[in-house]
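File shown: run16.txt (compact mmCIF, C-alpha atoms and all ligand atoms).
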```
# COMPACT_ATOMS: atom_id res chain seq x y z
CA MET Q 24 95.89 148.49 128.36
CA ASN Q 25 95.80 146.83 124.95
CA GLN Q 26 93.69 148.32 122.21
CA PRO Q 27 90.37 146.35 122.25
CA ILE Q 28 90.05 143.99 119.31
CA ASP Q 29 87.25 144.88 116.91
CA TYR Q 30 85.91 141.36 116.35
CA THR Q 31 83.00 142.56 114.23
CA ALA Q 32 85.34 144.39 111.86
CA LYS Q 33 87.35 141.19 111.45
CA LEU Q 34 84.22 139.26 110.55
CA SER Q 35 83.31 141.94 108.00
CA GLU Q 36 86.80 141.75 106.49
CA ALA Q 37 86.48 137.97 106.10
CA LEU Q 38 83.07 138.30 104.46
CA ASP Q 39 84.21 141.19 102.24
CA ARG Q 40 87.00 138.98 100.90
CA LEU Q 41 84.39 136.50 99.69
CA HIS Q 42 82.24 139.27 98.17
CA GLY Q 43 85.33 140.68 96.43
CA GLU Q 44 86.12 137.32 94.83
CA GLY Q 45 82.48 136.80 93.83
CA ARG Q 46 82.19 133.64 95.91
CA TYR Q 47 80.02 134.81 98.79
CA ARG Q 48 77.36 132.12 99.08
CA THR Q 49 73.73 133.17 98.86
CA PHE Q 50 71.17 130.56 99.87
CA ILE Q 51 68.12 130.37 97.66
CA ASP Q 52 65.03 129.91 99.80
CA ILE Q 53 62.99 127.16 98.15
CA GLU Q 54 60.02 125.03 99.12
CA ARG Q 55 59.74 121.60 97.64
CA ARG Q 56 56.18 120.34 97.38
CA ARG Q 57 55.68 116.63 97.86
CA GLY Q 58 54.88 114.85 94.61
CA GLN Q 59 55.90 117.80 92.44
CA PHE Q 60 59.70 117.60 92.57
CA PRO Q 61 61.69 118.83 90.59
CA HIS Q 62 59.17 121.67 90.61
CA ALA Q 63 59.36 123.88 93.66
CA VAL Q 64 58.57 127.39 94.82
CA TRP Q 65 61.21 130.09 95.25
CA ASN Q 66 60.48 132.52 98.06
CA CYS Q 67 61.96 135.61 96.38
CA PRO Q 68 63.74 138.27 98.44
CA ASP Q 69 60.95 140.79 97.55
CA GLY Q 70 58.39 138.58 99.32
CA THR Q 71 56.80 137.14 96.17
CA GLU Q 72 56.80 133.49 95.12
CA LYS Q 73 57.99 132.09 91.82
CA ALA Q 74 57.59 128.59 90.36
CA ILE Q 75 60.99 127.04 89.64
CA THR Q 76 62.52 123.78 88.47
CA VAL Q 77 65.35 122.46 90.63
CA TRP Q 78 68.32 121.34 88.53
CA CYS Q 79 71.04 121.05 91.18
CA GLY Q 80 69.59 118.80 93.89
CA ASN Q 81 71.20 115.54 94.96
CA ASP Q 82 67.85 113.79 95.39
CA TYR Q 83 69.08 112.01 92.29
CA LEU Q 84 66.20 109.56 91.91
CA GLY Q 85 63.37 111.57 93.46
CA MET Q 86 63.23 109.17 96.43
CA GLY Q 87 62.67 112.13 98.77
CA GLN Q 88 59.01 112.03 97.75
CA HIS Q 89 58.60 108.30 97.15
CA PRO Q 90 55.35 106.95 98.72
CA GLU Q 91 57.10 103.94 100.33
CA VAL Q 92 59.69 106.16 101.97
CA LEU Q 93 57.10 108.62 103.23
CA ALA Q 94 54.84 105.83 104.53
CA ALA Q 95 57.72 104.30 106.48
CA MET Q 96 58.57 107.68 108.01
CA HIS Q 97 54.94 108.39 108.97
CA GLU Q 98 54.60 104.96 110.54
CA ALA Q 99 57.77 105.41 112.58
CA ILE Q 100 56.74 108.86 113.82
CA ASP Q 101 53.33 107.55 114.83
CA ALA Q 102 54.86 104.54 116.52
CA THR Q 103 57.77 106.11 118.33
CA GLY Q 104 57.72 109.92 118.26
CA ALA Q 105 60.12 112.49 116.86
CA GLY Q 106 63.70 112.07 118.06
CA SER Q 107 65.72 109.08 119.23
CA GLY Q 108 66.35 110.71 122.58
CA GLY Q 109 69.95 109.73 122.99
CA THR Q 110 73.30 108.68 121.65
CA ARG Q 111 73.53 105.14 120.31
CA ASN Q 112 75.10 104.08 123.60
CA ILE Q 113 72.66 105.84 125.90
CA SER Q 114 69.08 104.99 124.91
CA GLY Q 115 69.36 105.99 121.22
CA THR Q 116 69.53 102.55 119.57
CA THR Q 117 66.22 101.32 118.22
CA ILE Q 118 64.91 98.59 115.99
CA TYR Q 119 64.92 101.19 113.16
CA HIS Q 120 68.67 101.77 113.46
CA LYS Q 121 69.39 98.05 113.67
CA ARG Q 122 67.20 97.32 110.66
CA LEU Q 123 68.86 100.01 108.57
CA GLU Q 124 72.35 98.79 109.48
CA ALA Q 125 71.39 95.25 108.48
CA GLU Q 126 69.96 96.55 105.18
CA LEU Q 127 73.22 98.41 104.46
CA ALA Q 128 75.53 95.53 105.39
CA ASP Q 129 73.52 93.33 103.02
CA LEU Q 130 73.61 96.00 100.28
CA HIS Q 131 77.39 95.90 100.19
CA GLY Q 132 77.86 92.23 101.02
CA LYS Q 133 79.66 93.11 104.27
CA GLU Q 134 79.34 91.61 107.73
CA SER Q 135 78.33 94.86 109.33
CA ALA Q 136 77.42 98.53 108.87
CA LEU Q 137 77.57 101.53 111.18
CA LEU Q 138 75.28 104.56 110.95
CA PHE Q 139 76.37 108.18 111.38
CA THR Q 140 74.36 111.38 111.22
CA SER Q 141 75.77 112.12 107.74
CA ALA Q 142 78.31 110.74 105.30
CA TYR Q 143 80.46 113.78 106.10
CA ILE Q 144 80.62 112.67 109.72
CA ALA Q 145 81.10 109.03 108.68
CA ASN Q 146 84.18 109.97 106.64
CA ASP Q 147 85.58 112.40 109.17
CA ALA Q 148 84.95 110.21 112.21
CA THR Q 149 86.25 106.99 110.63
CA LEU Q 150 89.35 108.37 108.99
CA SER Q 151 90.31 110.38 112.05
CA THR Q 152 89.92 107.29 114.26
CA LEU Q 153 91.80 104.68 112.21
CA PRO Q 154 95.29 105.70 113.43
CA LYS Q 155 94.14 104.94 116.99
CA LEU Q 156 93.33 101.42 115.81
CA PHE Q 157 96.42 100.98 113.64
CA PRO Q 158 99.30 102.91 115.27
CA GLY Q 159 101.70 104.26 112.66
CA LEU Q 160 99.03 104.15 109.93
CA ILE Q 161 99.89 106.01 106.72
CA ILE Q 162 96.85 107.21 104.74
CA TYR Q 163 97.21 107.66 100.96
CA SER Q 164 94.49 110.06 99.88
CA ASP Q 165 93.41 111.00 96.34
CA ALA Q 166 94.08 114.70 95.66
CA LEU Q 167 90.42 115.33 94.79
CA ASN Q 168 88.87 113.58 97.77
CA HIS Q 169 85.86 115.25 99.36
CA ALA Q 170 86.35 117.79 102.16
CA SER Q 171 85.04 115.30 104.73
CA MET Q 172 87.81 112.82 103.95
CA ILE Q 173 90.44 115.56 103.85
CA GLU Q 174 89.27 116.76 107.25
CA GLY Q 175 89.33 113.24 108.74
CA VAL Q 176 92.83 112.57 107.41
CA ARG Q 177 94.09 116.01 108.49
CA ARG Q 178 92.80 115.71 112.04
CA ASN Q 179 93.97 112.21 112.78
CA GLY Q 180 97.52 113.23 113.60
CA GLY Q 181 98.92 110.32 111.57
CA ALA Q 182 101.03 110.35 108.43
CA LYS Q 183 99.39 111.18 105.12
CA ARG Q 184 100.41 111.17 101.48
CA ILE Q 185 98.40 112.78 98.70
CA PHE Q 186 98.48 111.01 95.36
CA ARG Q 187 97.65 112.81 92.12
CA HIS Q 188 94.01 112.39 91.20
CA ASN Q 189 93.34 108.86 89.88
CA ASP Q 190 97.09 108.36 89.30
CA VAL Q 191 97.74 104.78 90.44
CA GLN Q 192 101.38 104.94 89.37
CA HIS Q 193 101.91 107.88 91.72
CA LEU Q 194 100.12 105.98 94.49
CA ARG Q 195 102.46 103.02 93.93
CA GLU Q 196 105.54 105.27 94.04
CA LEU Q 197 104.40 106.79 97.33
CA MET Q 198 103.70 103.41 98.91
CA ALA Q 199 106.99 101.99 97.63
CA ALA Q 200 108.88 104.85 99.29
CA ASP Q 201 107.43 104.07 102.73
CA ASP Q 202 108.38 101.44 105.28
CA PRO Q 203 106.98 98.11 104.01
CA ALA Q 204 106.09 97.20 107.59
CA ALA Q 205 103.96 100.33 108.20
CA PRO Q 206 100.16 99.87 108.21
CA LYS Q 207 98.64 101.62 105.19
CA LEU Q 208 95.24 102.68 103.90
CA VAL Q 209 94.22 104.09 100.50
CA ALA Q 210 91.23 106.48 100.58
CA PHE Q 211 89.42 107.43 97.38
CA GLU Q 212 86.01 107.87 95.75
CA SER Q 213 84.06 105.85 93.21
CA VAL Q 214 82.38 108.83 91.52
CA TYR Q 215 83.94 112.25 91.99
CA SER Q 216 81.01 114.57 92.50
CA MET Q 217 82.17 117.70 90.73
CA ASP Q 218 83.66 116.28 87.49
CA GLY Q 219 81.63 113.06 87.54
CA ASP Q 220 84.65 110.87 86.77
CA PHE Q 221 85.15 107.37 88.20
CA GLY Q 222 87.98 106.20 90.45
CA PRO Q 223 90.15 103.33 89.03
CA ILE Q 224 88.88 100.95 91.70
CA GLU Q 225 90.38 97.69 90.49
CA ALA Q 226 93.83 99.17 89.83
CA ILE Q 227 93.84 100.82 93.27
CA CYS Q 228 92.84 97.53 94.91
CA ASP Q 229 95.67 95.75 93.03
CA ALA Q 230 98.18 98.34 94.24
CA ALA Q 231 96.80 98.14 97.79
CA ASP Q 232 97.15 94.34 97.76
CA GLU Q 233 100.70 94.59 96.51
CA PHE Q 234 101.70 96.92 99.37
CA GLY Q 235 99.52 95.32 102.04
CA ALA Q 236 97.23 98.38 102.38
CA LEU Q 237 93.59 98.59 103.45
CA THR Q 238 91.13 100.25 101.05
CA TYR Q 239 88.51 102.91 101.89
CA ILE Q 240 86.04 104.11 99.26
CA ASP Q 241 83.49 106.92 99.32
CA GLU Q 242 80.48 105.78 97.26
CA VAL Q 243 78.32 108.77 98.24
CA HIS Q 244 77.53 109.71 94.63
CA ALA Q 245 76.99 106.12 93.53
CA VAL Q 246 74.96 104.22 96.12
CA GLY Q 247 71.39 103.64 94.98
CA MET Q 248 72.38 104.56 91.40
CA TYR Q 249 74.93 101.98 90.23
CA GLY Q 250 75.00 98.20 90.55
CA PRO Q 251 72.11 95.76 90.17
CA ARG Q 252 70.92 96.44 93.74
CA GLY Q 253 72.20 100.00 94.08
CA GLY Q 254 75.37 98.92 95.89
CA GLY Q 255 77.40 101.49 93.94
CA VAL Q 256 80.20 101.19 91.40
CA THR Q 257 81.91 98.55 93.54
CA GLU Q 258 78.82 96.38 93.12
CA ARG Q 259 78.48 97.19 89.40
CA ASP Q 260 82.10 96.18 88.81
CA ASN Q 261 82.00 93.25 91.21
CA LEU Q 262 84.71 94.74 93.42
CA ALA Q 263 82.97 95.29 96.76
CA HIS Q 264 84.75 92.28 98.28
CA ARG Q 265 88.09 93.98 97.58
CA ILE Q 266 87.23 97.11 99.58
CA ASP Q 267 87.71 97.07 103.34
CA ILE Q 268 85.50 100.06 104.20
CA ILE Q 269 82.68 101.41 102.00
CA ASN Q 270 81.26 104.81 102.87
CA GLY Q 271 77.84 105.94 101.65
CA THR Q 272 75.08 108.47 102.23
CA LEU Q 273 71.35 108.13 102.76
CA ALA Q 274 70.81 111.75 101.74
CA LYS Q 275 71.32 111.69 97.99
CA ALA Q 276 69.94 108.82 95.87
CA TYR Q 277 68.11 107.49 98.93
CA GLY Q 278 66.47 110.86 99.44
CA VAL Q 279 66.55 111.03 103.24
CA MET Q 280 69.51 111.77 105.53
CA GLY Q 281 72.40 110.07 107.32
CA GLY Q 282 75.63 108.32 106.41
CA TYR Q 283 77.36 105.03 107.11
CA ILE Q 284 80.30 102.74 106.69
CA ALA Q 285 79.99 99.07 105.74
CA ALA Q 286 82.88 96.77 106.63
CA SER Q 287 83.83 93.66 108.60
CA GLU Q 288 82.15 93.07 111.92
CA ARG Q 289 85.45 93.70 113.72
CA MET Q 290 86.12 96.98 111.85
CA CYS Q 291 82.65 98.39 112.56
CA ASP Q 292 82.88 97.31 116.19
CA ALA Q 293 86.25 99.05 116.60
CA VAL Q 294 85.10 102.31 114.92
CA ARG Q 295 81.87 102.17 116.98
CA SER Q 296 83.97 101.86 120.12
CA TYR Q 297 86.62 104.51 119.39
CA ALA Q 298 85.21 107.23 117.08
CA PRO Q 299 84.08 110.35 118.99
CA GLY Q 300 81.98 111.39 115.97
CA PHE Q 301 79.95 108.22 116.43
CA ILE Q 302 79.92 108.01 120.22
CA PHE Q 303 79.21 111.53 121.41
CA THR Q 304 76.22 112.55 119.32
CA THR Q 305 72.50 111.82 119.26
CA SER Q 306 71.55 109.04 116.88
CA LEU Q 307 69.43 109.62 113.79
CA ALA Q 308 65.72 110.15 114.40
CA PRO Q 309 63.94 106.78 114.11
CA ALA Q 310 61.71 108.11 111.32
CA ILE Q 311 64.79 109.02 109.30
CA ALA Q 312 66.25 105.56 109.79
CA ALA Q 313 62.89 104.01 108.84
CA GLY Q 314 62.60 106.14 105.66
CA ALA Q 315 66.18 105.40 104.66
CA ALA Q 316 65.73 101.65 105.20
CA ALA Q 317 62.58 101.70 103.03
CA SER Q 318 64.46 103.60 100.33
CA VAL Q 319 67.46 101.24 100.35
CA ALA Q 320 65.14 98.20 100.28
CA PHE Q 321 63.09 99.66 97.41
CA LEU Q 322 66.12 100.48 95.28
CA LYS Q 323 67.58 97.02 95.81
CA GLN Q 324 64.80 95.52 93.72
CA ASP Q 325 63.76 98.37 91.41
CA GLN Q 326 65.81 98.89 88.24
CA THR Q 327 63.51 101.42 86.57
CA LEU Q 328 64.62 104.56 88.36
CA ARG Q 329 68.33 103.73 87.94
CA ALA Q 330 67.85 103.13 84.21
CA GLN Q 331 65.78 106.30 83.71
CA HIS Q 332 68.34 108.31 85.62
CA GLN Q 333 71.15 107.25 83.29
CA THR Q 334 68.98 107.88 80.24
CA GLN Q 335 68.06 111.40 81.36
CA ALA Q 336 71.72 112.21 82.02
CA LYS Q 337 72.71 110.97 78.55
CA ILE Q 338 69.96 112.99 76.87
CA LEU Q 339 70.85 116.17 78.73
CA LYS Q 340 74.55 115.81 77.93
CA LEU Q 341 73.83 115.22 74.25
CA ARG Q 342 71.55 118.25 74.08
CA LEU Q 343 74.00 120.58 75.88
CA LYS Q 344 76.91 119.32 73.78
CA GLY Q 345 74.77 120.08 70.74
CA LEU Q 346 74.85 123.73 71.81
CA GLY Q 347 78.64 123.58 71.93
CA LEU Q 348 78.83 124.17 75.71
CA PRO Q 349 82.06 123.18 77.55
CA LEU Q 350 80.68 120.12 79.25
CA ILE Q 351 82.65 117.53 81.20
CA ASP Q 352 81.48 114.01 80.33
CA HIS Q 353 82.99 110.98 82.00
CA GLY Q 354 79.94 108.80 81.44
CA SER Q 355 78.40 109.28 84.89
CA HIS Q 356 75.12 110.98 85.81
CA ILE Q 357 76.77 114.29 86.73
CA VAL Q 358 76.60 117.11 84.16
CA PRO Q 359 79.06 119.96 84.86
CA VAL Q 360 79.25 122.95 82.49
CA ILE Q 361 82.46 124.90 83.07
CA VAL Q 362 82.12 128.68 83.16
CA GLY Q 363 85.58 129.36 84.59
CA ASP Q 364 84.94 132.56 86.53
CA PRO Q 365 83.06 132.94 89.84
CA LYS Q 366 81.29 136.17 88.90
CA HIS Q 367 80.15 134.89 85.52
CA THR Q 368 78.95 131.67 87.10
CA LYS Q 369 76.92 133.54 89.70
CA LYS Q 370 75.47 135.85 87.08
CA LEU Q 371 74.45 132.95 84.85
CA SER Q 372 72.87 131.18 87.80
CA ASP Q 373 70.96 134.37 88.76
CA MET Q 374 69.75 134.88 85.20
CA LEU Q 375 68.60 131.27 84.88
CA LEU Q 376 66.60 131.64 88.08
CA GLU Q 377 65.15 135.09 87.51
CA ARG Q 378 64.42 134.88 83.78
CA HIS Q 379 63.69 131.19 83.30
CA GLY Q 380 62.71 129.80 86.72
CA ILE Q 381 65.62 127.34 86.55
CA TYR Q 382 67.55 126.81 89.75
CA VAL Q 383 71.17 125.70 89.53
CA GLN Q 384 73.52 126.85 92.27
CA PRO Q 385 76.96 128.19 91.17
CA ILE Q 386 79.86 125.95 92.24
CA ASN Q 387 82.96 127.89 93.25
CA PHE Q 388 86.33 127.50 94.97
CA PRO Q 389 87.06 125.74 97.33
CA THR Q 390 84.51 123.13 96.19
CA VAL Q 391 86.25 123.16 92.78
CA PRO Q 392 89.66 124.63 91.79
CA ARG Q 393 89.74 128.32 90.87
CA GLY Q 394 89.22 128.86 87.14
CA THR Q 395 86.91 125.83 86.89
CA GLU Q 396 83.83 127.43 88.45
CA ARG Q 397 80.79 125.73 87.02
CA LEU Q 398 77.11 125.03 86.84
CA ARG Q 399 76.51 121.43 87.89
CA PHE Q 400 73.25 120.01 86.59
CA THR Q 401 71.73 116.91 88.18
CA PRO Q 402 69.11 115.33 85.92
CA SER Q 403 66.81 112.73 87.47
CA PRO Q 404 64.00 110.39 86.45
CA VAL Q 405 61.53 113.13 87.40
CA HIS Q 406 63.07 115.66 84.97
CA GLY Q 407 61.01 114.91 81.88
CA PRO Q 408 61.41 116.03 78.24
CA GLY Q 409 59.57 119.31 78.99
CA GLU Q 410 62.00 120.27 81.76
CA ILE Q 411 65.00 119.29 79.62
CA ASP Q 412 63.70 121.39 76.69
CA GLN Q 413 63.21 124.38 78.96
CA LEU Q 414 66.73 124.08 80.34
CA VAL Q 415 68.37 123.64 76.94
CA ARG Q 416 66.53 126.65 75.49
CA ALA Q 417 67.48 128.79 78.49
CA MET Q 418 71.16 127.79 78.31
CA ASP Q 419 71.20 128.47 74.58
CA ASP Q 420 69.74 131.92 75.10
CA LEU Q 421 71.96 132.87 78.04
CA TRP Q 422 75.23 131.40 76.78
CA SER Q 423 75.10 133.46 73.57
CA HIS Q 424 73.93 136.51 75.54
CA CYS Q 425 76.87 136.14 77.90
CA ALA Q 426 79.39 135.70 75.11
CA LEU Q 427 78.16 138.99 73.63
CA ASN Q 428 77.97 140.88 76.93
CA ARG Q 429 81.20 140.20 78.81
CA ALA Q 430 81.02 143.60 80.55
CA GLU Q 431 77.55 142.96 81.97
CA MET Q 432 78.65 139.51 83.13
CA SER Q 433 81.60 140.91 85.06
CA ALA Q 434 79.53 143.64 86.74
C1 LIG Q 501 82.00 112.79 97.94
C2 LIG Q 501 81.16 113.16 99.12
N1 LIG Q 501 81.36 112.51 100.27
C3 LIG Q 501 80.63 112.81 101.37
C4 LIG Q 501 79.65 113.79 101.33
C5 LIG Q 501 78.85 114.06 102.55
O1 LIG Q 501 77.56 113.47 102.43
P1 LIG Q 501 76.41 113.88 103.43
O2 LIG Q 501 75.60 114.92 102.72
O3 LIG Q 501 75.64 112.65 103.73
O4 LIG Q 501 77.07 114.45 104.64
C6 LIG Q 501 79.42 114.49 100.16
C7 LIG Q 501 78.37 115.53 100.15
O5 LIG Q 501 78.10 116.26 99.30
C8 LIG Q 501 80.19 114.17 99.01
O6 LIG Q 501 80.02 114.83 97.87
```
What does the file become when written as C-alpha cells?
Amino acid sequence: MNQPIDYTAKLSEALDRLHGEGRYRTFIDIERRRGQFPHAVWNCPDGTEKAITVWCGNDYLGMGQHPEVLAAMHEAIDATGAGSGGTRNISGTTIYHKRLEAELADLHGKESALLFTSAYIANDATLSTLPKLFPGLIIYSDALNHASMIEGVRRNGGAKRIFRHNDVQHLRELMAADDPAAPKLVAFESVYSMDGDFGPIEAICDAADEFGALTYIDEVHAVGMYGPRGGGVTERDNLAHRIDIINGTLAKAYGVMGGYIAASERMCDAVRSYAPGFIFTTSLAPAIAAGAAASVAFLKQDQTLRAQHQTQAKILKLRLKGLGLPLIDHGSHIVPVIVGDPKHTKKLSDMLLERHGIYVQPINFPTVPRGTERLRFTPSPVHGPGEIDQLVRAMDDLWSHCALNRAEMSA
C-alpha cells in the first residue's frame, strides 16, 4: 500500500513559503460606518477597537455612502427582497438589471452592455469566450494586464502574444509576424492600477486598425472618475468609439459591486449566449443593481467629486514628494510609494496602523513585481486636509525611523 499523503503538511508547506517570503496576507478586520468614511473602526486582534483612517480603499469617490445610492438600494430591497433568485436566464433578470445595462450602454456610447457579478468575472468570462466566437483568434495582451484578463486569455485555449507594457511598437511587430488573415484582438487597460500610468489608447487603436484587430479595454480604475460623464479615459480622450469592448466595474468609483462589458448589440448578445461565467451564475442582487444604477446616473451629471478627487491626489503627491519619498507619478489618481521589500512594506503598514491609526495594506508579489513592493495610497474627495496632514506627518516620522533602523525593519 502506498504511504498515505499528508495533505495538511502540504498545505502548511505552501503557507510557510509565503510566511518565509514575508508575503503572507493578513486581513485587517475593519468596520466602515456610513457617513464617516474614510474613518472606520479596526477590530484589533486583542479584542479592542481602534479608530482608523482608510487610505487604501477603492471607493475612490466615497459613493459607497452616498445618500442617493443608499436610497436606491433601500427602495429596491423593500420592493423586491434580498436576492435575484436565479441566473439571468432562469428568473434572475429584473427591471433593475435592465435599467443598469441601459445606463452603462449610454455611459460609453455603445449599443449594449452586459452585467457580470464582478469586473474580474467580466474580463475572465469575456476573454475566455471570444475564441469560441472567432475561431483562430489571436489575443495580444499587455504584459501588465490585470490577473482577471491574464486568466481569461490563459484559459481560452487560443493563441496569445504578450506585448511589452505600453510598447505599441512591440505590439505592431507581433501583429505583423502573424497571419494577416487571422482574427485578432488587443487587450489592455486605460489606467494601470498599481503604477497609475495610462495606456496609449489612441496609438493602440491605430495599430489595431492597421492590422484589422478588435480592441478590448479595461477601464476599471477610470470609470466614474475620468471623462465629462465618468465614461473613463476613453470618454475623456474621445476614443470610446474606437474601442470594441469596454470593461468596467461598479465596485470602485461607483461604490457598490458588479462588473460589465459595453459593446455592440451583437457582441453583447454573443457573449451573453456563450460565456459560462455569465450564464451559469446567479445574477446580481436587485438592490446592488439599483444602487449601481443610481451611482452611475449621479456621476454622469456631477463634476464636483471627480474634480475634488483629482485635486486631493495632486495635493497628496506634492506633499509626499516634498518629503523625498520614492513616489510614482503618472498624473493619475493613484499614489504608490515604493518600498521595495515585502518585509519592510509589511512593517511600515503595521506601524502606520498601530501607531498612527492609518490603514494602508502592503502590496506584494504577485500583484506587483518582486522588488517593487509598495504602499498604494488612494486619496478621495472625503480625505480632507486634516487626514492628509496626519498621513504626511506619519510617513515623515516612519520613513526616517525606518532608514535608521534597517535591522528592526527586517525582523
Ligand atoms: C485592472 C482591474 N481589472 C479588474 C478588476 C476586478 O474588478 P472587480 O473588483 O469588480 O472584480 C480589478 C480589481 O481590482 C482591477 O484592478
Which residues come within 7 Å of Q:Ala63, counting all atoms listed in the file, excluding same-chain residues fewer than 3 positions away, as a PyMOL selection string? chain Q and resi 53-56+60+74-77
Dump C-alpha atoms for the selected residues as a PDB file, in the frame of the given file?
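Everything below was put into result_17.pdb:
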```pdb
ATOM      1  CA  ILE Q  53      62.990 127.160  98.150  1.00  0.00           C
ATOM      2  CA  GLU Q  54      60.020 125.030  99.120  1.00  0.00           C
ATOM      3  CA  ARG Q  55      59.740 121.600  97.640  1.00  0.00           C
ATOM      4  CA  ARG Q  56      56.180 120.340  97.380  1.00  0.00           C
ATOM      5  CA  PHE Q  60      59.700 117.600  92.570  1.00  0.00           C
ATOM      6  CA  ALA Q  74      57.590 128.590  90.360  1.00  0.00           C
ATOM      7  CA  ILE Q  75      60.990 127.040  89.640  1.00  0.00           C
ATOM      8  CA  THR Q  76      62.520 123.780  88.470  1.00  0.00           C
ATOM      9  CA  VAL Q  77      65.350 122.460  90.630  1.00  0.00           C
TER      10      VAL Q  77
END
```
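Residue nearest Q:Leu123 within the list Q:Ala170, Q:Ala312, Q:Leu350, Q:Ala274: Q:Ala312 [criterion: smallest interatomic distance, all atoms listed in the file].
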Taking 3 positions as the minimum chain separation for residues in the same chain, which residues sit within 7 Å of stretch 237-251 of chain Q when counting all atoms listed in the file? Answer as a VMD selection string. chain Q and resid 207 to 214 216 228 231 254 to 256 258 to 259 266 to 272 276 to 277 322 329
What would the file look like if the residues just selected were written as an mmCIF file, in the coordinates of the input with C-alpha atoms?
```cif
data_model
loop_
_atom_site.group_PDB
_atom_site.id
_atom_site.type_symbol
_atom_site.label_atom_id
_atom_site.label_comp_id
_atom_site.auth_asym_id
_atom_site.auth_seq_id
_atom_site.Cartn_x
_atom_site.Cartn_y
_atom_site.Cartn_z
ATOM 1 C CA LYS Q 207 98.640 101.620 105.190
ATOM 2 C CA LEU Q 208 95.240 102.680 103.900
ATOM 3 C CA VAL Q 209 94.220 104.090 100.500
ATOM 4 C CA ALA Q 210 91.230 106.480 100.580
ATOM 5 C CA PHE Q 211 89.420 107.430 97.380
ATOM 6 C CA GLU Q 212 86.010 107.870 95.750
ATOM 7 C CA SER Q 213 84.060 105.850 93.210
ATOM 8 C CA VAL Q 214 82.380 108.830 91.520
ATOM 9 C CA SER Q 216 81.010 114.570 92.500
ATOM 10 C CA CYS Q 228 92.840 97.530 94.910
ATOM 11 C CA ALA Q 231 96.800 98.140 97.790
ATOM 12 C CA GLY Q 254 75.370 98.920 95.890
ATOM 13 C CA GLY Q 255 77.400 101.490 93.940
ATOM 14 C CA VAL Q 256 80.200 101.190 91.400
ATOM 15 C CA GLU Q 258 78.820 96.380 93.120
ATOM 16 C CA ARG Q 259 78.480 97.190 89.400
ATOM 17 C CA ILE Q 266 87.230 97.110 99.580
ATOM 18 C CA ASP Q 267 87.710 97.070 103.340
ATOM 19 C CA ILE Q 268 85.500 100.060 104.200
ATOM 20 C CA ILE Q 269 82.680 101.410 102.000
ATOM 21 C CA ASN Q 270 81.260 104.810 102.870
ATOM 22 C CA GLY Q 271 77.840 105.940 101.650
ATOM 23 C CA THR Q 272 75.080 108.470 102.230
ATOM 24 C CA ALA Q 276 69.940 108.820 95.870
ATOM 25 C CA TYR Q 277 68.110 107.490 98.930
ATOM 26 C CA LEU Q 322 66.120 100.480 95.280
ATOM 27 C CA ARG Q 329 68.330 103.730 87.940
#
```
Who sits within 12 Å of Q:Ala128, all atoms listed in the file, same chain under 2 positions skipped, as a PyMOL selection string: chain Q and resi 121-126+130-138+254+263+268-271+283-288+291+316+319-320
Contact residues around Q:Gly314 with only C-alpha atoms at 12 Å, ignoring same-chain residues under 3 positions, as an MDAnalysis selection string: chainID Q and resid 86:100 119:120 122:123 273:274 277:281 307:311 317:321
Using all atoms listed in the file, pick whichever of Q:Ile351, Q:Ile357, Q:Ala102, Q:Leu414 has the shortest atom-to-atom distance to Q:Gln333. Q:Ile357
Determine, counting all atoms listed in the file, which protein, DNA and RNA residues have an atom within 7 Å of an atom of stretch 176-185 of chain Q; residues of the same chain fewer than 4 positions away are not included. Present the result as a PyMOL selection string. chain Q and resi 150-152+154+159-166+172
Measure the distance from atom CA of Q:Gln192 to atom CA of Q:Val391 in Å and round it to one decimal.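 About the pair atom CA of Q:Gln192 and atom CA of Q:Val391: they are 23.9 Å apart.
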